[in-house]
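In what follows, a single structure is set out as structure tokens and then discussed.
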Amino acid sequence: MTDITFLASSKPFQTPCEIEEYNNRRVFDREEEAFFFSVYEVDDYWKDEMNGLFSMPYIYEAQGVRNKLFLTYIEK
């Protein structure tokens, strides 16, 4: 089964510098560090399916929310 996590925001998503730097790494000390946090605009299918579910104007699909960088995103 696949997890899908949606984020709703009042402003456009901008990836914080800390997350960009982490995602651009190629060497990791532990296997757990190889999981990235990323956010994408939802595709048209999901826009239609979620119509009316969110009151915020910007809807995104997030991957890697189990990564500690998700908390960095929330903080920023």
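By convention here, the chains of the structure tokens are called A, B, ... in the order presented, each chain's residues are numbered starting at 1, and ligands are numbered starting at 1 in the order presented.
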
Return as an mmCIF file with C-alpha atoms, in the first residue's frame the full set of residues in stretch 9-60 of chain A whose backbone-based DSSP assignment is alpha helix (DSSP H).
```cif
data_model
loop_
_atom_site.group_PDB
_atom_site.id
_atom_site.type_symbol
_atom_site.label_atom_id
_atom_site.label_comp_id
_atom_site.auth_asym_id
_atom_site.auth_seq_id
_atom_site.Cartn_x
_atom_site.Cartn_y
_atom_site.Cartn_z
ATOM 1 C CA CYS A 17 17.582 25.893 2.152
ATOM 2 C CA GLU A 18 18.217 23.240 4.829
ATOM 3 C CA ILE A 19 15.995 20.763 3.016
ATOM 4 C CA GLU A 20 17.521 21.549 -0.404
ATOM 5 C CA GLU A 21 21.021 20.955 0.966
ATOM 6 C CA TYR A 22 19.986 17.686 2.612
ATOM 7 C CA ASN A 23 18.204 16.410 -0.498
ATOM 8 C CA ASP A 44 -5.185 17.135 -12.062
ATOM 9 C CA TYR A 45 -6.587 13.780 -10.932
ATOM 10 C CA TRP A 46 -6.138 14.651 -7.260
ATOM 11 C CA LYS A 47 -7.335 18.226 -7.765
ATOM 12 C CA ASP A 48 -10.638 16.827 -9.050
ATOM 13 C CA GLU A 49 -10.872 14.180 -6.300
#
```

For this session: For stretch 59-73 of chain A, work out the shell of residues within 6 Å, counting only C-alpha atoms and skipping chain neighbours fewer than 2 positions away, then give it as a ChimeraX atom specification.
Result: /A:5-8,36-42,75-76

Hey, can you spit out that residue selection with N, CA, C and O atoms as a PDB file, in the first residue's frame?
```pdb
ATOM      1  N   THR A   5       0.312  11.826   1.273  1.00  0.00           N
ATOM      2  CA  THR A   5       0.115  12.889   2.244  1.00  0.00           C
ATOM      3  C   THR A   5      -0.071  14.196   1.498  1.00  0.00           C
ATOM      4  O   THR A   5       0.756  14.558   0.661  1.00  0.00           O
ATOM      5  N   PHE A   6      -1.155  14.868   1.802  1.00  0.00           N
ATOM      6  CA  PHE A   6      -1.436  16.142   1.165  1.00  0.00           C
ATOM      7  C   PHE A   6      -1.191  17.266   2.159  1.00  0.00           C
ATOM      8  O   PHE A   6      -1.465  17.127   3.352  1.00  0.00           O
ATOM      9  N   LEU A   7      -0.669  18.363   1.662  1.00  0.00           N
ATOM     10  CA  LEU A   7      -0.468  19.561   2.462  1.00  0.00           C
ATOM     11  C   LEU A   7      -1.280  20.685   1.840  1.00  0.00           C
ATOM     12  O   LEU A   7      -1.272  20.851   0.626  1.00  0.00           O
ATOM     13  N   ALA A   8      -1.950  21.431   2.666  1.00  0.00           N
ATOM     14  CA  ALA A   8      -2.689  22.602   2.193  1.00  0.00           C
ATOM     15  C   ALA A   8      -2.031  23.826   2.806  1.00  0.00           C
ATOM     16  O   ALA A   8      -1.641  23.819   3.969  1.00  0.00           O
ATOM     17  N   PHE A  36      14.288  11.230   1.619  1.00  0.00           N
ATOM     18  CA  PHE A  36      14.169  12.649   1.343  1.00  0.00           C
ATOM     19  C   PHE A  36      12.791  13.160   1.720  1.00  0.00           C
ATOM     20  O   PHE A  36      11.837  12.398   1.815  1.00  0.00           O
ATOM     21  N   PHE A  37      12.696  14.456   1.873  1.00  0.00           N
ATOM     22  CA  PHE A  37      11.413  15.128   2.033  1.00  0.00           C
ATOM     23  C   PHE A  37      11.230  16.008   0.809  1.00  0.00           C
ATOM     24  O   PHE A  37      12.091  16.814   0.470  1.00  0.00           O
ATOM     25  N   SER A  38      10.120  15.836   0.127  1.00  0.00           N
ATOM     26  CA  SER A  38       9.867  16.642  -1.064  1.00  0.00           C
ATOM     27  C   SER A  38       8.376  16.941  -1.173  1.00  0.00           C
ATOM     28  O   SER A  38       7.536  16.227  -0.636  1.00  0.00           O
ATOM     29  N   VAL A  39       8.087  18.024  -1.879  1.00  0.00           N
ATOM     30  CA  VAL A  39       6.711  18.489  -2.046  1.00  0.00           C
ATOM     31  C   VAL A  39       6.485  18.791  -3.517  1.00  0.00           C
ATOM     32  O   VAL A  39       7.330  19.404  -4.170  1.00  0.00           O
ATOM     33  N   TYR A  40       5.344  18.339  -4.023  1.00  0.00           N
ATOM     34  CA  TYR A  40       4.979  18.547  -5.430  1.00  0.00           C
ATOM     35  C   TYR A  40       3.562  19.082  -5.508  1.00  0.00           C
ATOM     36  O   TYR A  40       2.727  18.763  -4.673  1.00  0.00           O
ATOM     37  N   GLU A  41       3.290  19.855  -6.536  1.00  0.00           N
ATOM     38  CA  GLU A  41       1.904  20.245  -6.778  1.00  0.00           C
ATOM     39  C   GLU A  41       1.118  18.994  -7.140  1.00  0.00           C
ATOM     40  O   GLU A  41       1.627  18.112  -7.828  1.00  0.00           O
ATOM     41  N   VAL A  42      -0.113  18.928  -6.671  1.00  0.00           N
ATOM     42  CA  VAL A  42      -0.922  17.751  -6.986  1.00  0.00           C
ATOM     43  C   VAL A  42      -1.301  17.774  -8.458  1.00  0.00           C
ATOM     44  O   VAL A  42      -1.454  18.829  -9.061  1.00  0.00           O
ATOM     45  N   GLU A  75       8.340  24.194  10.662  1.00  0.00           N
ATOM     46  CA  GLU A  75       8.912  25.313  11.424  1.00  0.00           C
ATOM     47  C   GLU A  75       9.101  26.552  10.560  1.00  0.00           C
ATOM     48  O   GLU A  75       8.840  27.668  10.979  1.00  0.00           O
ATOM     49  N   LYS A  76       9.564  26.369   9.322  1.00  0.00           N
ATOM     50  CA  LYS A  76       9.836  27.496   8.428  1.00  0.00           C
ATOM     51  C   LYS A  76       8.554  28.049   7.866  1.00  0.00           C
ATOM     52  O   LYS A  76       8.436  29.131   7.456  1.00  0.00           O
TER      53      LYS A  76
END
```

For this session: Step one, run DSSP on the backbone; step two, keep only residues of stretch 9-66 of chain A assigned to strand (DSSP E or B); then write them as a PyMOL selection string.
Result: chain A and resi 9+38-41+58-63

Please save all heavy atoms of the selected residues as a short mmCIF file (atom, residue, chain, number, x, y, z; two decimals), in the first residue's frame.
```cif
data_model
loop_
_atom_site.label_atom_id
_atom_site.label_comp_id
_atom_site.auth_asym_id
_atom_site.auth_seq_id
_atom_site.Cartn_x
_atom_site.Cartn_y
_atom_site.Cartn_z
N SER A 9 -1.90 24.87 2.01
CA SER A 9 -1.20 26.05 2.47
C SER A 9 -1.88 27.32 1.96
O SER A 9 -2.52 27.31 0.91
CB SER A 9 0.25 26.02 1.96
OG SER A 9 0.95 27.18 2.35
N SER A 38 10.12 15.84 0.13
CA SER A 38 9.87 16.64 -1.06
C SER A 38 8.38 16.94 -1.17
O SER A 38 7.54 16.23 -0.64
CB SER A 38 10.37 15.93 -2.32
OG SER A 38 9.76 14.67 -2.44
N VAL A 39 8.09 18.02 -1.88
CA VAL A 39 6.71 18.49 -2.05
C VAL A 39 6.49 18.79 -3.52
O VAL A 39 7.33 19.40 -4.17
CB VAL A 39 6.46 19.76 -1.19
CG1 VAL A 39 5.07 20.31 -1.45
CG2 VAL A 39 6.64 19.45 0.28
N TYR A 40 5.34 18.34 -4.02
CA TYR A 40 4.98 18.55 -5.43
C TYR A 40 3.56 19.08 -5.51
O TYR A 40 2.73 18.76 -4.67
CB TYR A 40 5.02 17.22 -6.21
CG TYR A 40 6.30 16.48 -6.07
CD1 TYR A 40 6.46 15.47 -5.14
CD2 TYR A 40 7.38 16.79 -6.89
CE1 TYR A 40 7.65 14.78 -5.01
CE2 TYR A 40 8.58 16.10 -6.78
CZ TYR A 40 8.70 15.10 -5.84
OH TYR A 40 9.89 14.44 -5.71
N GLU A 41 3.29 19.85 -6.54
CA GLU A 41 1.90 20.25 -6.78
C GLU A 41 1.12 18.99 -7.14
O GLU A 41 1.63 18.11 -7.83
CB GLU A 41 1.83 21.25 -7.92
CG GLU A 41 2.33 22.62 -7.54
CD GLU A 41 2.00 23.66 -8.59
OE1 GLU A 41 0.90 23.58 -9.18
OE2 GLU A 41 2.85 24.51 -8.82
N TYR A 58 -3.57 26.50 -1.95
CA TYR A 58 -2.45 25.73 -2.50
C TYR A 58 -2.45 24.33 -1.89
O TYR A 58 -2.38 24.17 -0.68
CB TYR A 58 -1.12 26.43 -2.21
CG TYR A 58 -1.04 27.80 -2.81
CD1 TYR A 58 -1.31 28.93 -2.06
CD2 TYR A 58 -0.72 27.96 -4.15
CE1 TYR A 58 -1.25 30.20 -2.62
CE2 TYR A 58 -0.66 29.22 -4.73
CZ TYR A 58 -0.94 30.34 -3.96
OH TYR A 58 -0.88 31.58 -4.52
N ILE A 59 -2.55 23.33 -2.75
CA ILE A 59 -2.59 21.93 -2.32
C ILE A 59 -1.39 21.22 -2.92
O ILE A 59 -1.14 21.31 -4.13
CB ILE A 59 -3.89 21.22 -2.76
CG1 ILE A 59 -5.12 22.04 -2.37
CG2 ILE A 59 -3.95 19.81 -2.18
CD1 ILE A 59 -5.31 22.25 -0.89
N TYR A 60 -0.66 20.49 -2.07
CA TYR A 60 0.55 19.79 -2.50
C TYR A 60 0.52 18.35 -2.03
O TYR A 60 -0.16 18.01 -1.07
CB TYR A 60 1.80 20.46 -1.89
CG TYR A 60 1.97 21.89 -2.30
CD1 TYR A 60 1.52 22.92 -1.49
CD2 TYR A 60 2.57 22.21 -3.51
CE1 TYR A 60 1.67 24.24 -1.87
CE2 TYR A 60 2.72 23.53 -3.90
CZ TYR A 60 2.27 24.54 -3.07
OH TYR A 60 2.43 25.85 -3.45
N GLU A 61 1.29 17.53 -2.71
CA GLU A 61 1.52 16.15 -2.28
C GLU A 61 2.92 16.11 -1.70
O GLU A 61 3.88 16.59 -2.32
CB GLU A 61 1.42 15.19 -3.46
CG GLU A 61 1.61 13.75 -3.06
CD GLU A 61 1.47 12.80 -4.23
OE1 GLU A 61 0.94 13.19 -5.29
OE2 GLU A 61 1.91 11.64 -4.08
N ALA A 62 3.05 15.56 -0.50
CA ALA A 62 4.34 15.50 0.17
C ALA A 62 4.82 14.06 0.25
O ALA A 62 4.02 13.15 0.46
CB ALA A 62 4.24 16.08 1.57
N GLN A 63 6.10 13.88 0.07
CA GLN A 63 6.73 12.57 0.23
C GLN A 63 7.84 12.70 1.25
O GLN A 63 8.54 13.71 1.28
CB GLN A 63 7.28 12.08 -1.10
CG GLN A 63 6.22 11.83 -2.13
CD GLN A 63 6.79 11.34 -3.44
OE1 GLN A 63 7.97 11.42 -3.70
NE2 GLN A 63 5.92 10.85 -4.28
#
```

Problem set entry | For atom CA of A:Asn24 and atom CA of A:Pro57, the interatomic separation in Å (one decimal) | 28.9 Å
